[in-house]
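Student: Quick one: the structure is below, questions incoming.
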Amino acid sequence: MLTILTIEDKLREGAGERLYSVLAPNSLNAHSIGEKLQIRHIKYINRNGRINWKKISSKAGKGKAQLLYSGSHPVPEESDIRLFEPLALRQRLCSNMALSVLEMLKEKSNTFRTGLYDPEGEFSDLPEHLLKFTDNLIVVTKNYKVYRQQAQRLLDERGAVLCVSPQTQLLSTCGLIVSPCVLDTGFTPMAKAVVLTCHKPRVPLACRVYYKYSFRLEPELEKLKPEALCAEIFAGALYSLCGFYPLGSVIPFVCTSDTDTQTTLSLRRYLCDCVTT
């Protein structure tokens, strides 16, 4: 069962209205939605500006350990509520965006170098898919053992050569850098390089870094999602907690950085310009 929290503010303006808001109790109700998929929606009406997180926690029950919430009111650190993070889906969206862009750049596969940053070897299945669209791929990893096995298999089965190294600075030679994990190490990227990752890097990078992805839910899933909950959290929970694995094949139509937004097509055009200039 998924447990979703939404908070609706109904604060009133004016002196008398403010007094009403202070005296008026906040209300909380929970109900189930959906049939095949069990979803419990907790709706909290905030009338006086003081949110009772203990009451919300009690109402959520076991669901407080993986609560789906994307509201503007932060959960207090001392609360026992733990919010669900759609990390697994973000990693898939990052990889899918990279594959979609590389497919468009296939004709430039020999001149355009792609880097995969995977220090722990968690995404050792990804190079096989990347190599469908590029002949110029380098993997930076500390887990040489798992990638050595992959490199040998790809050579035996497809005649594809996979370059593997622990040297992070090799990413400085790549036009596109794919990092399904959080980038936590610094390097000097090419000025026009693009990084696709799952989270804002922990170190500053002087290039374009995209880590937010937008996509469309299937209509039947969109109907089940409360309007105030963001699609990424809802879809991420369906994927990670409910086994809706087809969501792992979703291709984002937009990726976003702190200051910039690109569609798959505009990103392809930008990378093409980088190759030719």
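In the structure tokens, chains take letters A, B, ... by order of appearance, with residues numbered from 1 within each chain and ligands from 1 in the order shown.
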Write out as a list in words which residues come within 7 Å of His41 (chain A) when counting only C-alpha atoms, dropping same-chain ones fewer than 2 positions away.
Tutor: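 That gives Thr3, Ile4, Leu5, Ala30, His31, Ser32, Ile39 and Lys43 of chain A.
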Student: Determine, for each residue of region 168-218 of chain A having at least one atom at most 12 Å from an atom of region 222-240 of chain A, the closest pair of atoms and their separation in Å to one decimal, counting only C-alpha atoms; order by chain and ascending number, as a Markdown table.
Tutor:
```
| residue | atom | partner | partner_atom | distance |
| --- | --- | --- | --- | --- |
| A:Lys212 | CA | A:Glu232 | CA | 9.6 |
| A:Tyr213 | CA | A:Glu232 | CA | 8.3 |
| A:Ser214 | CA | A:Glu232 | CA | 7.8 |
| A:Phe215 | CA | A:Ala231 | CA | 8.1 |
| A:Arg216 | CA | A:Ala231 | CA | 8.0 |
| A:Leu217 | CA | A:Glu222 | CA | 5.7 |
| A:Glu218 | CA | A:Glu222 | CA | 6.1 |
```
Student: Give me a file of those residues, with N, CA and C atoms, as a short mmCIF file (atom, residue, chain, number, x, y, z; two decimals), in the first residue's frame.
Tutor:
```cif
data_model
loop_
_atom_site.label_atom_id
_atom_site.label_comp_id
_atom_site.auth_asym_id
_atom_site.auth_seq_id
_atom_site.Cartn_x
_atom_site.Cartn_y
_atom_site.Cartn_z
N LYS A 212 17.15 16.83 -13.34
CA LYS A 212 15.70 16.72 -13.16
C LYS A 212 15.08 16.34 -14.48
N TYR A 213 14.09 15.44 -14.44
CA TYR A 213 13.51 14.91 -15.68
C TYR A 213 11.99 14.97 -15.62
N SER A 214 11.39 15.37 -16.72
CA SER A 214 9.93 15.44 -16.81
C SER A 214 9.43 14.39 -17.79
N PHE A 215 8.29 13.81 -17.46
CA PHE A 215 7.71 12.75 -18.28
C PHE A 215 6.21 12.73 -18.07
N ARG A 216 5.53 11.95 -18.89
CA ARG A 216 4.06 11.87 -18.78
C ARG A 216 3.65 10.51 -18.25
N LEU A 217 2.77 10.54 -17.28
CA LEU A 217 2.20 9.30 -16.76
C LEU A 217 1.10 8.80 -17.70
N GLU A 218 0.93 7.50 -17.73
CA GLU A 218 -0.21 6.94 -18.45
C GLU A 218 -1.51 7.47 -17.84
#
```
Student: If you run DSSP on the backbone, which residues of region 14-206 of chain A are strand (DSSP E), as a CSV table (one decimal) with C-alpha atoms, in the first residue's frame?
Tutor:
```
chain,number,residue,atom,x,y,z
A,27,SER,CA,-8.6,18.8,10.1
A,28,LEU,CA,-7.1,15.5,8.9
A,29,ASN,CA,-8.8,12.7,7.0
A,30,ALA,CA,-7.6,9.6,5.2
A,31,HIS,CA,-9.3,7.6,2.5
A,32,SER,CA,-8.3,4.9,0.0
A,33,ILE,CA,-8.3,5.4,-3.8
A,39,ILE,CA,-3.4,3.8,-2.2
A,40,ARG,CA,-4.1,5.6,1.1
A,41,HIS,CA,-4.4,9.4,0.8
A,42,ILE,CA,-4.1,11.5,3.9
A,43,LYS,CA,-5.3,15.0,3.4
A,44,TYR,CA,-4.5,17.6,6.0
A,45,ILE,CA,-6.3,20.9,6.1
A,46,ASN,CA,-4.1,23.6,7.5
A,114,THR,CA,30.7,9.4,-24.1
A,115,GLY,CA,31.7,8.8,-20.5
A,116,LEU,CA,29.9,6.6,-17.9
A,117,TYR,CA,30.7,7.4,-14.3
A,137,LEU,CA,32.6,5.0,-24.7
A,138,ILE,CA,34.8,5.2,-21.6
A,139,VAL,CA,33.7,3.9,-18.2
A,140,VAL,CA,35.2,5.3,-15.0
A,163,CYS,CA,37.5,1.2,-22.3
A,164,VAL,CA,37.5,1.0,-18.5
A,165,SER,CA,39.6,3.1,-16.1
A,176,LEU,CA,28.4,13.6,-22.8
A,177,ILE,CA,28.9,12.2,-19.3
A,178,VAL,CA,26.3,9.8,-17.9
A,179,SER,CA,26.2,9.4,-14.2
A,194,VAL,CA,26.8,17.9,-20.9
A,195,VAL,CA,26.3,15.8,-17.7
A,196,LEU,CA,23.2,13.7,-17.2
A,197,THR,CA,22.8,12.5,-13.6
```
Student: Within 6 Å of region 75-91 of chain A, counting only C-alpha atoms, which residues qualify if same-chain residues fewer than 3 places away don't, as a list in words?
Tutor: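 Residues meeting the cut-off are Lys64, Ala65, Gln66, Leu67, Leu68, Cys94, Pro180, Cys198, Ile233 and Gly236 of chain A.
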Student: Write out as an NGL selection string all residues of region 86-235 of chain A that backbone DSSP assigns to alpha helix (DSSP H).
Tutor: :A and (87-104 or 126-130 or 144-158 or 219-224 or 231-235)
Student: Now that the selection is made, can you save its residues with N, CA and C atoms as a compact mmCIF listing (two decimals), in the first residue's frame?
Tutor:
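File produced: part_21.txt:
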```txt
# COMPACT_ATOMS: atom_id res chain seq x y z
N LEU A 87 14.74 7.58 -6.06
CA LEU A 87 16.09 7.52 -6.62
C LEU A 87 16.19 6.50 -7.74
N ALA A 88 15.63 5.31 -7.54
CA ALA A 88 15.76 4.25 -8.56
C ALA A 88 15.16 4.68 -9.89
N LEU A 89 14.00 5.35 -9.85
CA LEU A 89 13.39 5.81 -11.10
C LEU A 89 14.21 6.95 -11.72
N ARG A 90 14.73 7.84 -10.90
CA ARG A 90 15.57 8.93 -11.42
C ARG A 90 16.77 8.36 -12.17
N GLN A 91 17.35 7.30 -11.63
CA GLN A 91 18.50 6.69 -12.28
C GLN A 91 18.12 6.11 -13.63
N ARG A 92 16.94 5.53 -13.70
CA ARG A 92 16.47 5.00 -14.99
C ARG A 92 16.17 6.14 -15.97
N LEU A 93 15.57 7.21 -15.49
CA LEU A 93 15.25 8.34 -16.35
C LEU A 93 16.53 8.97 -16.90
N CYS A 94 17.55 9.06 -16.06
CA CYS A 94 18.85 9.58 -16.49
C CYS A 94 19.42 8.71 -17.60
N SER A 95 19.42 7.40 -17.39
CA SER A 95 19.96 6.48 -18.39
C SER A 95 19.14 6.51 -19.68
N ASN A 96 17.82 6.54 -19.55
CA ASN A 96 16.95 6.55 -20.73
C ASN A 96 17.11 7.83 -21.54
N MET A 97 17.29 8.95 -20.85
CA MET A 97 17.52 10.22 -21.56
C MET A 97 18.82 10.14 -22.35
N ALA A 98 19.85 9.60 -21.73
CA ALA A 98 21.15 9.47 -22.40
C ALA A 98 21.04 8.58 -23.63
N LEU A 99 20.36 7.46 -23.51
CA LEU A 99 20.22 6.54 -24.64
C LEU A 99 19.42 7.18 -25.77
N SER A 100 18.39 7.94 -25.42
CA SER A 100 17.57 8.59 -26.43
C SER A 100 18.39 9.63 -27.20
N VAL A 101 19.19 10.41 -26.49
CA VAL A 101 20.02 11.43 -27.14
C VAL A 101 21.09 10.77 -28.00
N LEU A 102 21.73 9.72 -27.47
CA LEU A 102 22.79 9.05 -28.23
C LEU A 102 22.25 8.38 -29.49
N GLU A 103 21.03 7.89 -29.43
CA GLU A 103 20.44 7.28 -30.62
C GLU A 103 20.34 8.32 -31.74
N MET A 104 20.04 9.57 -31.38
CA MET A 104 19.97 10.64 -32.37
C MET A 104 21.36 11.03 -32.88
N LEU A 126 24.63 -1.10 -18.24
CA LEU A 126 24.34 0.06 -19.09
C LEU A 126 25.25 0.16 -20.32
N PRO A 127 26.55 -0.14 -20.22
CA PRO A 127 27.40 -0.02 -21.42
C PRO A 127 26.92 -0.81 -22.62
N GLU A 128 26.34 -1.97 -22.39
CA GLU A 128 25.84 -2.77 -23.51
C GLU A 128 24.80 -2.00 -24.32
N HIS A 129 23.97 -1.23 -23.63
CA HIS A 129 22.95 -0.44 -24.32
C HIS A 129 23.56 0.83 -24.94
N LEU A 130 24.49 1.45 -24.24
CA LEU A 130 25.15 2.65 -24.77
C LEU A 130 25.94 2.34 -26.04
N TYR A 144 36.67 -2.57 -10.91
CA TYR A 144 37.25 -3.04 -12.17
C TYR A 144 36.85 -4.50 -12.45
N LYS A 145 36.63 -5.25 -11.39
CA LYS A 145 36.33 -6.67 -11.55
C LYS A 145 35.05 -6.90 -12.36
N VAL A 146 33.97 -6.23 -11.97
CA VAL A 146 32.69 -6.44 -12.65
C VAL A 146 32.74 -5.93 -14.08
N TYR A 147 33.46 -4.83 -14.31
CA TYR A 147 33.54 -4.30 -15.66
C TYR A 147 34.50 -5.07 -16.55
N ARG A 148 35.48 -5.70 -15.96
CA ARG A 148 36.38 -6.55 -16.75
C ARG A 148 35.60 -7.72 -17.33
N GLN A 149 34.69 -8.28 -16.54
CA GLN A 149 33.84 -9.37 -17.03
C GLN A 149 32.92 -8.88 -18.14
N GLN A 150 32.35 -7.69 -17.96
CA GLN A 150 31.48 -7.13 -18.98
C GLN A 150 32.25 -6.85 -20.27
N ALA A 151 33.45 -6.28 -20.13
CA ALA A 151 34.25 -5.95 -21.30
C ALA A 151 34.60 -7.19 -22.11
N GLN A 152 34.92 -8.27 -21.41
CA GLN A 152 35.27 -9.51 -22.10
C GLN A 152 34.05 -10.10 -22.80
N ARG A 153 32.89 -10.04 -22.14
CA ARG A 153 31.66 -10.57 -22.75
C ARG A 153 31.29 -9.78 -23.99
N LEU A 154 31.37 -8.44 -23.89
CA LEU A 154 31.01 -7.60 -25.04
C LEU A 154 31.98 -7.82 -26.20
N LEU A 155 33.24 -8.07 -25.89
CA LEU A 155 34.22 -8.34 -26.94
C LEU A 155 33.93 -9.67 -27.62
N ASP A 156 33.63 -10.69 -26.80
CA ASP A 156 33.37 -12.03 -27.34
C ASP A 156 32.08 -12.07 -28.15
N GLU A 157 31.03 -11.43 -27.66
CA GLU A 157 29.71 -11.54 -28.27
C GLU A 157 29.48 -10.54 -29.40
N ARG A 158 30.06 -9.34 -29.29
CA ARG A 158 29.74 -8.29 -30.26
C ARG A 158 30.98 -7.68 -30.90
N PRO A 219 -2.53 7.72 -18.66
CA PRO A 219 -3.77 8.32 -18.15
C PRO A 219 -4.37 7.57 -16.96
N GLU A 220 -4.30 6.23 -16.98
CA GLU A 220 -4.92 5.49 -15.87
C GLU A 220 -4.16 5.68 -14.56
N LEU A 221 -2.84 5.93 -14.66
CA LEU A 221 -2.06 6.21 -13.46
C LEU A 221 -2.24 7.65 -13.02
N GLU A 222 -2.35 8.55 -13.99
CA GLU A 222 -2.56 9.97 -13.67
C GLU A 222 -3.85 10.16 -12.89
N LYS A 223 -4.87 9.37 -13.19
CA LYS A 223 -6.14 9.47 -12.48
C LYS A 223 -6.01 9.10 -11.01
N LEU A 224 -5.07 8.21 -10.70
CA LEU A 224 -4.89 7.75 -9.32
C LEU A 224 -4.04 8.71 -8.49
N ALA A 231 4.55 13.98 -10.14
CA ALA A 231 4.51 12.72 -10.89
C ALA A 231 5.73 11.86 -10.61
N GLU A 232 6.89 12.49 -10.41
CA GLU A 232 8.11 11.71 -10.21
C GLU A 232 8.04 10.87 -8.94
N ILE A 233 7.55 11.47 -7.84
CA ILE A 233 7.45 10.73 -6.59
C ILE A 233 6.43 9.60 -6.72
N PHE A 234 5.29 9.89 -7.33
CA PHE A 234 4.25 8.88 -7.49
C PHE A 234 4.74 7.72 -8.36
N ALA A 235 5.30 8.05 -9.52
CA ALA A 235 5.80 7.01 -10.42
C ALA A 235 6.97 6.26 -9.80
```
Student: I'd like to know which of A:Tyr211, A:Cys242, A:Cys181, A:Gly159 is closest to Lys36 (chain A), using only C-alpha atoms.
Tutor: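 Ranked by minimum distance to Lys36 (chain A), first place goes to A:Cys242.
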Student: One decimal, in Å: what's the spacing between CA of Ile51 (chain A) and CA of Asn26 (chain A)?
Tutor: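 Computing it gives 7.7 Å between the two atoms.
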Student: Work out how far apart CA of Thr261 (chain A) and CA of Tyr210 (chain A) are and give it in Å to one decimal.
Tutor: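 Pair CA of Thr261 (chain A) / CA of Tyr210 (chain A) returns 8.1 Å.
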